Amino acid sequence: MDSLKSKFIGCLIGSAIGDALGRRFEGHWLSDALDQEFMGRWTDDTHMMIGVAESLIEMKGFDGEHMARVFIRNYEMEPWRGYASGPPRVFRMIKSGVRWAEASKRLFGGAGSYGNGAAMRVAPVGLLYHHDIAKLREVAEAQGKITHAHELGLEGAALQAYAVALALQIDRSFDFDPHSFLANLRNFVHHEIYRFKLVKVEELLSCEDRKRVVRELGHGIEAFNSVPTAIYSFLRHSRSFQDAVLYAVNLGGDADTIGAMTGAISGAYHGIEAIPERWRNGLERKDDIEKLAEKLWEIAKGF
Ligand SMILES: [Mg+2]
């Protein structure tokens, strides 16, 4: 298979697998032994990532009104996917006539959310615009605005999309350099909290103490307490998709989302062939997700 195509598919399948593994984390170490029980059912993270991909494909690019409608349509078909309280409130407002970029501003007393919901679903943007950083940032933030108005939530989405784009473009036949990867990310971010966290990521690269990693990087639902943690999980285990996602979900906290974001970056780096077959085979709607990745690849080729 074409290597870039393999990486597109690896990214979206990897994200869904990380989500599904994280869903199963219940506070005890999730090991390979649990593979037999891997059911492959994913949560809102993947459900919304699918919505982002569907809308980008149908509109051949970003259209906020359309994407919001796709989110709403998908949510109404499967509201049991583990959505937080914010998105359904936004969906109701949009359905009642509020503009797609306005509704999310009304959450949290007008501050908007800085949760990781804009980042957890952004992988298709990182794929489609991997060759154009300015456009990648613009669309990552714009898709975020449908549900997340706070600038830290939007920058988290942009950072995650850029990490996917970088991982996608690295040629795996050369030695991987986590330091130059991080230097690129640090130059990309605007907010001090992300720059600070990315410095921490570098300091902790050889740290064996998982509690310290959680304490310093975070594993919460805030974008700045989870996007850097996913980047760290990938870098810490850059040679193995399996090791990276298992490490990520075993950090606990918001395990499905951190698993999804780690899986997206690691899958974009390694490609689909590097993802254990027993996980791929157990994944819910695997063929649909693969098709979305292939279509994104086709569109990206034409840009
Ligand atoms: Mg979830």
# chains A, B, ... in the order shown; residues from 1 in each chain; ligands from 1
$ residues_near_ligand --ligand "ligand 1" --cutoff "7 Å" --atoms "only C-alpha atoms and all ligand atoms" --output "list in words"
Asp19, Thr43, Asp44, Asp45, Gly82, Tyr83, Asp256 and Thr257 of chain A
$ residues_around --residues "range 276-291 of chain A" --least-positions-apart "3" --cutoff "6 Å" --atoms "only C-alpha atoms" --output "JSON, numbers by chain"
{"A": [9, 39, 40, 41, 294]}
$ residues_around --residues "Ser173 in chain A" --least-positions-apart "4" --cutoff "12 Å" --atoms "only C-alpha atoms" --output "PyMOL selection string"
chain A and resi 3+169+239+269-270
$ select_by_dssp --residues "range 118-297 of chain A" --states "helix (DSSP H, G or I)" --output "ChimeraX atom specification"
/A:118-120,123-128,133-144,151-169,178-188,192-203,210-217,223-225,227-236,241-249,255-270,272-274,277-282,286-297
$ closest_residue --among "A:Tyr129, A:Trp42, A:Ile265, A:Glu141" --to "Arg24 in chain A" --atoms "only C-alpha atoms"
A:Trp42
